[in-house]
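Colleague: Below you'll find run.txt; it's compact mmCIF, C-alpha atoms.
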# COMPACT_ATOMS: atom_id res chain seq x y z
CA GLY C 1 102.27 127.44 116.04
CA GLU C 2 105.38 125.33 115.67
CA ASN C 3 107.56 125.72 112.58
CA VAL C 4 110.44 123.43 111.63
CA GLU C 5 113.16 124.49 109.21
CA GLN C 6 115.50 121.85 107.75
CA HIS C 7 118.84 122.35 106.02
CA PRO C 8 120.31 121.54 103.61
CA SER C 9 117.66 120.44 101.13
CA THR C 10 120.22 118.28 99.29
CA LEU C 11 123.50 116.79 100.48
CA SER C 12 126.05 114.80 98.52
CA VAL C 13 128.90 112.95 100.23
CA GLN C 14 131.46 110.32 99.39
CA GLU C 15 131.14 106.89 100.90
CA GLY C 16 132.84 106.83 104.29
CA ASP C 17 132.36 110.54 104.94
CA SER C 18 130.09 111.96 107.63
CA ALA C 19 126.80 113.71 106.93
CA VAL C 20 125.04 116.27 109.11
CA ILE C 21 121.49 117.55 108.70
CA LYS C 22 120.22 120.40 110.86
CA CYS C 23 116.76 121.46 111.94
CA THR C 24 115.53 124.45 113.89
CA TYR C 25 112.20 124.76 115.63
CA SER C 26 110.27 127.76 116.86
CA ASP C 27 108.24 126.51 119.84
CA SER C 28 110.45 126.27 122.91
CA ALA C 29 107.86 123.99 124.56
CA SER C 30 108.30 121.25 121.94
CA ASN C 31 109.53 118.12 123.68
CA TYR C 32 109.98 115.31 121.16
CA PHE C 33 112.15 115.28 118.04
CA PRO C 34 112.17 112.27 115.70
CA TRP C 35 114.05 111.66 112.47
CA TYR C 36 112.58 109.66 109.60
CA LYS C 37 114.26 108.05 106.60
CA GLN C 38 112.35 107.62 103.35
CA GLU C 39 113.76 105.31 100.72
CA LEU C 40 112.65 105.65 97.12
CA GLY C 41 109.09 104.48 96.61
CA LYS C 42 108.47 103.77 100.29
CA GLY C 43 106.91 105.46 103.29
CA PRO C 44 109.05 107.25 105.90
CA GLN C 45 110.46 105.12 108.70
CA LEU C 46 111.60 106.28 112.13
CA ILE C 47 115.37 105.88 112.56
CA ILE C 48 116.08 107.75 115.79
CA ASP C 49 114.40 110.18 118.16
CA ILE C 50 115.29 112.35 121.13
CA ARG C 51 113.35 113.95 123.95
CA SER C 52 113.87 117.40 125.38
CA ASN C 53 115.47 116.12 128.58
CA VAL C 54 118.34 114.49 126.65
CA GLY C 55 121.19 116.23 124.84
CA GLU C 56 122.45 113.41 122.63
CA LYS C 57 121.46 109.93 121.57
CA LYS C 58 123.39 107.39 119.49
CA ASP C 59 122.47 104.23 117.63
CA GLN C 60 125.41 102.65 115.83
CA ARG C 61 126.36 105.03 112.97
CA ILE C 62 123.63 107.58 113.59
CA ALA C 63 123.30 110.13 116.35
CA VAL C 64 121.04 113.04 117.16
CA THR C 65 121.99 116.09 119.20
CA LEU C 66 119.62 118.63 120.72
CA ASN C 67 120.38 122.20 121.77
CA LYS C 68 117.29 123.47 123.59
CA THR C 69 118.73 126.93 124.16
CA ALA C 70 119.32 127.50 120.47
CA LYS C 71 116.24 125.46 119.51
CA HIS C 72 117.97 123.26 117.02
CA PHE C 73 118.69 119.57 116.62
CA SER C 74 120.88 117.67 114.21
CA LEU C 75 121.23 114.22 112.67
CA HIS C 76 124.76 112.88 112.32
CA ILE C 77 125.56 109.89 110.13
CA THR C 78 129.12 108.58 110.28
CA GLU C 79 130.90 106.27 107.82
CA THR C 80 128.18 106.78 105.23
CA GLN C 81 127.28 103.94 102.90
CA PRO C 82 125.39 103.94 99.58
CA GLU C 83 122.35 102.46 101.34
CA ASP C 84 122.15 105.64 103.44
CA SER C 85 121.01 107.45 100.29
CA ALA C 86 117.43 108.56 100.97
CA VAL C 87 115.28 111.52 101.98
CA TYR C 88 115.54 112.38 105.68
CA PHE C 89 112.86 114.29 107.57
CA CYS C 90 113.11 115.89 110.98
CA ALA C 91 110.04 116.65 113.05
CA ALA C 92 109.01 118.25 116.32
CA LEU C 93 106.06 117.61 118.61
CA PRO C 94 104.69 120.67 120.39
CA TRP C 95 103.96 120.19 124.09
CA ALA C 96 100.52 118.54 124.44
CA GLY C 97 100.36 118.45 120.64
CA THR C 98 98.48 115.82 118.66
CA ALA C 99 100.55 115.88 115.47
CA LEU C 100 104.20 116.09 114.48
CA ILE C 101 105.42 119.12 112.56
CA PHE C 102 107.78 117.97 109.79
CA GLY C 103 110.65 119.74 108.08
CA LYS C 104 110.69 119.76 104.28
CA GLY C 105 113.29 117.01 104.01
CA THR C 106 116.90 116.52 102.95
CA THR C 107 117.89 114.35 100.00
CA LEU C 108 121.14 112.60 100.90
CA SER C 109 123.19 111.02 98.14
CA VAL C 110 126.16 108.83 99.02
CA SER C 111 128.44 108.02 96.12
CA SER C 112 130.89 105.13 96.13
CA ASN J 113 101.39 91.91 111.46
CA ALA J 114 100.87 93.82 108.23
CA GLY J 115 101.41 97.19 109.95
CA VAL J 116 99.88 100.02 107.95
CA THR J 117 98.40 99.21 104.54
CA GLN J 118 97.01 101.58 101.93
CA THR J 119 94.58 100.87 99.11
CA PRO J 120 94.93 101.47 96.18
CA LYS J 121 98.65 101.78 95.40
CA PHE J 122 98.07 103.86 92.27
CA ARG J 123 95.07 105.56 90.72
CA VAL J 124 94.35 107.84 87.77
CA LEU J 125 91.32 110.10 88.00
CA LYS J 126 89.72 112.61 85.71
CA THR J 127 88.97 116.10 87.01
CA GLY J 128 85.69 116.08 88.90
CA GLN J 129 85.68 112.38 89.72
CA SER J 130 85.51 111.18 93.29
CA MET J 131 87.41 108.46 95.10
CA THR J 132 88.22 107.11 98.55
CA LEU J 133 91.62 106.08 99.81
CA LEU J 134 91.66 103.42 102.50
CA CYS J 135 94.18 103.16 105.30
CA ALA J 136 94.16 100.14 107.61
CA GLN J 137 96.35 99.35 110.63
CA ASP J 138 96.54 96.22 112.76
CA MET J 139 98.55 97.67 115.65
CA ASN J 140 95.55 98.87 117.70
CA HIS J 141 96.77 102.47 117.39
CA GLU J 142 94.54 105.30 118.53
CA TYR J 143 96.03 108.04 116.32
CA MET J 144 95.90 108.03 112.52
CA TYR J 145 97.05 110.62 110.00
CA TRP J 146 96.77 111.46 106.31
CA TYR J 147 99.62 113.35 104.59
CA ARG J 148 100.33 114.41 101.05
CA GLN J 149 103.87 114.59 99.71
CA ASP J 150 104.81 116.87 96.84
CA PRO J 151 108.30 117.69 95.50
CA GLY J 152 110.01 120.30 97.68
CA MET J 153 107.03 120.53 100.05
CA GLY J 154 107.80 117.71 102.44
CA LEU J 155 104.96 115.98 104.27
CA ARG J 156 101.87 118.10 104.72
CA LEU J 157 99.17 117.00 107.13
CA ILE J 158 95.69 116.83 105.61
CA HIS J 159 93.51 115.41 108.41
CA TYR J 160 94.06 113.29 111.45
CA SER J 161 92.17 111.34 114.10
CA VAL J 162 92.95 110.77 117.78
CA GLY J 163 90.45 107.95 118.17
CA GLU J 164 87.50 106.10 116.68
CA GLY J 165 84.78 108.54 115.67
CA THR J 166 87.02 111.63 115.83
CA THR J 167 88.61 113.68 113.07
CA ALA J 168 90.47 116.99 112.93
CA LYS J 169 91.85 119.27 110.23
CA GLY J 170 95.52 119.52 109.49
CA GLU J 171 97.53 122.01 107.46
CA VAL J 172 95.91 121.42 104.05
CA PRO J 173 92.35 120.05 104.56
CA ASP J 174 90.51 121.81 101.71
CA GLY J 175 89.07 119.47 99.10
CA TYR J 176 89.33 116.39 101.34
CA ASN J 177 87.07 114.65 103.83
CA VAL J 178 87.82 111.84 106.25
CA SER J 179 86.04 109.29 108.38
CA ARG J 180 87.14 107.02 111.24
CA LEU J 181 84.16 104.72 111.80
CA LYS J 182 86.36 101.84 112.94
CA LYS J 183 89.53 102.14 115.02
CA GLN J 184 91.62 100.25 112.48
CA ASN J 185 90.50 102.18 109.40
CA PHE J 186 90.92 105.79 108.30
CA LEU J 187 89.33 106.84 105.02
CA LEU J 188 90.34 109.84 102.91
CA GLY J 189 87.81 111.07 100.37
CA LEU J 190 88.10 113.37 97.40
CA GLU J 191 84.61 114.49 96.39
CA SER J 192 85.62 116.31 93.17
CA ALA J 193 89.22 115.69 92.21
CA ALA J 194 91.35 118.54 90.85
CA PRO J 195 94.76 118.41 89.12
CA SER J 196 96.23 120.17 92.20
CA GLN J 197 95.45 117.01 94.16
CA THR J 198 97.92 115.00 92.11
CA SER J 199 100.30 113.79 94.79
CA VAL J 200 101.55 110.85 96.81
CA TYR J 201 99.35 110.23 99.83
CA PHE J 202 100.69 108.61 103.00
CA CYS J 203 98.79 107.30 105.95
CA ALA J 204 100.38 106.87 109.36
CA SER J 205 99.28 105.51 112.71
CA ALA J 206 100.61 105.92 116.24
CA THR J 207 99.91 104.92 119.82
CA GLY J 208 100.08 108.57 120.83
CA ALA J 209 101.30 111.62 118.96
CA GLU J 210 104.93 110.50 118.89
CA THR J 211 106.26 107.53 116.92
CA GLN J 212 104.33 107.28 113.67
CA TYR J 213 104.28 104.22 111.45
CA PHE J 214 103.75 105.03 107.78
CA GLY J 215 102.09 103.06 105.04
CA PRO J 216 103.64 102.51 101.59
CA GLY J 217 101.74 105.37 99.96
CA THR J 218 99.14 105.88 97.23
CA ARG J 219 100.14 107.65 94.03
CA LEU J 220 97.26 109.68 92.63
CA LEU J 221 97.24 111.35 89.24
CA VAL J 222 94.38 113.70 88.40
CA LEU J 223 94.07 114.56 84.72
Reformat the file's structure so that it appears as structure tokens.
Modeller:
Amino acid sequence: GENVEQHPSTLSVQEGDSAVIKCTYSDSASNYFPWYKQELGKGPQLIIDIRSNVGEKKDQRIAVTLNKTAKHFSLHITETQPEDSAVYFCAALPWAGTALIFGKGTTLSVSS
Amino acid sequence: NAGVTQTPKFRVLKTGQSMTLLCAQDMNHEYMYWYRQDPGMGLRLIHYSVGEGTTAKGEVPDGYNVSRLKKQNFLLGLESAAPSQTSVYFCASATGAETQYFGPGTRLLVL
């Protein structure tokens, strides 16, 4: 079955710097890759997603890139702000799957 | 719309006690999921449902049961709680298997 590895597990950056979180997946047939942000004491919330027929997608300061050949995808946050501090989860949906497979999460800390 | 709600928000149980966690959604979603979140373990899928009257096992189903008698509700039961079930439980719902909407979580402590 599908397996998703996420790195790093923790990431500390200065305000204004960029942050990159990477995930690899094992099932080459997976076709949907979302990213979730979980603030302290809350449930995860979708922030951006990408499908297998697209290489990159942007939404203001966040972007996701997908490399199907290498089977990895990354979340890029530019001009980080303290409110970006949270746990970020990547996930993959196997083709015809009924449930997302989540990575173990990355704790991002942005210091001012 | 309230989205996804979970009841209760926090509960303390003694080993061997039973309880039911309730998840409700008002978005007419077909798919519903129960996860547990533990430090360093990410989100682990317990059980899920792809429609009213259906349930399926996830990654860590042992010690839990579920029911989906109504489309808007998904119940998670612990028949005999164990300290290893101390965790934060999240419910999610989705139109299909893609974009999931999560509830605020239930913190469970088993003594």
Colleague: Between C:Arg51, C:Gly1, C:Val13, C:Tyr25, which has the minimum distance to Thr69 in chain C (counting all atoms listed in the file)?
Modeller: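 Comparing C:Arg51, C:Gly1, C:Val13, C:Tyr25 against Thr69 in chain C, the winner is C:Tyr25.
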Colleague: Using all atoms listed in the file, which of the listed residues (J:Ala193, J:Met139, J:Leu181, J:Leu187) sits closest to Ser205 in chain J?
Modeller: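 Nearest candidate to Ser205 in chain J out of J:Ala193, J:Met139, J:Leu181, J:Leu187: J:Met139.
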Colleague: What's around Val172 in chain J at 10 Å? Count all atoms listed in the file, leave out sequence neighbours fewer than 4 positions away in its own chain, and write the answer as a ChimeraX atom specification.
Modeller: /J:147-148,156-159,176
Colleague: With distances taken over all atoms listed in the file, which residue among C:Asn53, C:Thr10, C:Gln60, C:Asn3 lies nearest Cys23 in chain C?
Modeller: C:Asn3
Colleague: When distances are computed from all atoms listed in the file, which of C:Ala63, C:Lys42, C:Gly55, C:Asp49 shows the smallest separation from chain J?
Modeller: C:Lys42
Colleague: Let me make sure I understand: among C:Glu2, C:Asp84, C:Asp59, C:Glu39, which one has the smallest atom-to-atom distance to Gly16 in chain C if we use all atoms listed in the file?
Modeller: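 Among the listed residues, C:Asp84 lies closest to Gly16 in chain C.
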Colleague: Fewer than 2 positions away in the same chain doesn't count, so skip those; otherwise give me all residues within 7 Å of Gly154 in chain J, counting all atoms listed in the file, as a list in words.
Modeller: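 These residues fall inside the cut-off: Gly103, Lys104 and Gly105 of chain C; Gln149, Asp150, Pro151, Gly152 and Arg156 of chain J.
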Colleague: Go ahead and save the residues from that selection, with C-alpha atoms, as a tab-separated table (two decimals), in the coordinates of the input.
Modeller:
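Output below, filename out_16.tsv:
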chain	number	residue	atom	x	y	z
C	103	GLY	CA	110.65	119.74	108.08
C	104	LYS	CA	110.69	119.76	104.28
C	105	GLY	CA	113.29	117.01	104.01
J	149	GLN	CA	103.87	114.59	99.71
J	150	ASP	CA	104.81	116.87	96.84
J	151	PRO	CA	108.30	117.69	95.50
J	152	GLY	CA	110.01	120.30	97.68
J	156	ARG	CA	101.87	118.10	104.72
Colleague: Write out as a list in words each polymer residue whose atoms come within 12 Å of Ser28 in chain C, counting all atoms listed in the file; drop sequence neighbours fewer than 4 positions from it.
Modeller: Gly1, Glu2, Asn3, Val4, Thr24, Tyr32, Ser52, Asn67, Lys68, Thr69, Ala70, Lys71, His72, Ala92, Leu93, Pro94 and Trp95 of chain C
Colleague: Counting all atoms listed in the file, which residues of chain J come no farther than 7 Å from chain C, as number ranges by chain?
Modeller: J: 152-155, 202, 209, 213-217
Colleague: Save the residues we just selected, C-alpha atoms, as a PDB file, in the coordinates of the input?
Modeller:
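After the write, selection-v7.pdb holds the following:
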ATOM      1  CA  GLY J 152     110.010 120.300  97.680  1.00  0.00           C
ATOM      2  CA  MET J 153     107.030 120.530 100.050  1.00  0.00           C
ATOM      3  CA  GLY J 154     107.800 117.710 102.440  1.00  0.00           C
ATOM      4  CA  LEU J 155     104.960 115.980 104.270  1.00  0.00           C
ATOM      5  CA  PHE J 202     100.690 108.610 103.000  1.00  0.00           C
ATOM      6  CA  ALA J 209     101.300 111.620 118.960  1.00  0.00           C
ATOM      7  CA  TYR J 213     104.280 104.220 111.450  1.00  0.00           C
ATOM      8  CA  PHE J 214     103.750 105.030 107.780  1.00  0.00           C
ATOM      9  CA  GLY J 215     102.090 103.060 105.040  1.00  0.00           C
ATOM     10  CA  PRO J 216     103.640 102.510 101.590  1.00  0.00           C
ATOM     11  CA  GLY J 217     101.740 105.370  99.960  1.00  0.00           C
TER      12      GLY J 217
END
Colleague: May I have the residues within 7 Å of Asn185 in chain J as a list in words, using only C-alpha atoms and disregarding those fewer than 2 positions away in the same chain?
Modeller: Cys135, Ala136, Gln137, Arg180, Lys182, Lys183 and Leu187 of chain J
Colleague: Nearest to Glu15 in chain C among C:Val54, C:Ala86, C:Val110, C:Leu40, with distances taken over all atoms listed in the file: which residue is it?
Modeller: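 For Glu15 in chain C, the nearest of the candidates is C:Val110.
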Colleague: Just how far from CA of Phe186 in chain J is CA of Met144 in chain J, in Å to one decimal?
Modeller: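 Atom-to-atom, CA of Met144 in chain J and CA of Phe186 in chain J are spaced 6.9 Å apart.
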Colleague: Which distance in Å separates CA of Tyr160 in chain J and CA of Met131 in chain J, to one decimal?
Modeller: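 Atom-to-atom, CA of Tyr160 in chain J to CA of Met131 in chain J, that is 18.3 Å.
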Colleague: Extending 8 Å beyond the listed atoms of range 162-181 of chain J on each side, what axis-aligned box results? I want centre and edge lengths in Å to one decimal, as AutoDock Vina command-line options.
Modeller:
--center_x 90.8 --center_y 113.4 --center_z 108.6 --size_x 29.4 --size_y 33.3 --size_z 35.1
Colleague: Every residue with an atom at most 10 Å from (126.2, 99.8, 100.9) (file coordinates; all atoms listed in the file) is what I'm after, so could you write them as a PDB file with C-alpha atoms, in the frame of the given file?
Modeller:
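Printed below is selection_16.pdb as written:
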ATOM      1  CA  GLU C  15     131.140 106.890 100.900  1.00  0.00           C
ATOM      2  CA  THR C  80     128.180 106.780 105.230  1.00  0.00           C
ATOM      3  CA  GLN C  81     127.280 103.940 102.900  1.00  0.00           C
ATOM      4  CA  PRO C  82     125.390 103.940  99.580  1.00  0.00           C
ATOM      5  CA  GLU C  83     122.350 102.460 101.340  1.00  0.00           C
ATOM      6  CA  ASP C  84     122.150 105.640 103.440  1.00  0.00           C
ATOM      7  CA  SER C  85     121.010 107.450 100.290  1.00  0.00           C
ATOM      8  CA  VAL C 110     126.160 108.830  99.020  1.00  0.00           C
ATOM      9  CA  SER C 111     128.440 108.020  96.120  1.00  0.00           C
ATOM     10  CA  SER C 112     130.890 105.130  96.130  1.00  0.00           C
TER      11      SER C 112
END
Colleague: Just how far from CA of Thr132 in chain J is CA of Ser199 in chain J, in Å to one decimal?
Modeller: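 According to the coordinates, CA of Ser199 in chain J and CA of Thr132 in chain J are separated by 14.3 Å.
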Colleague: Quick one: everything within 12 Å of Ser196 in chain J, counting all atoms listed in the file, minus sequence neighbours fewer than 2 positions away in the same chain. Send it as a list of chain:residue names.
Modeller: J:Leu125, J:Lys126, J:Thr127, J:Gly128, J:Arg148, J:Asp150, J:Val172, J:Asp174, J:Gly175, J:Leu190, J:Ser192, J:Ala193, J:Ala194, J:Thr198, J:Ser199, J:Val200, J:Leu220, J:Leu221, J:Val222, J:Leu223
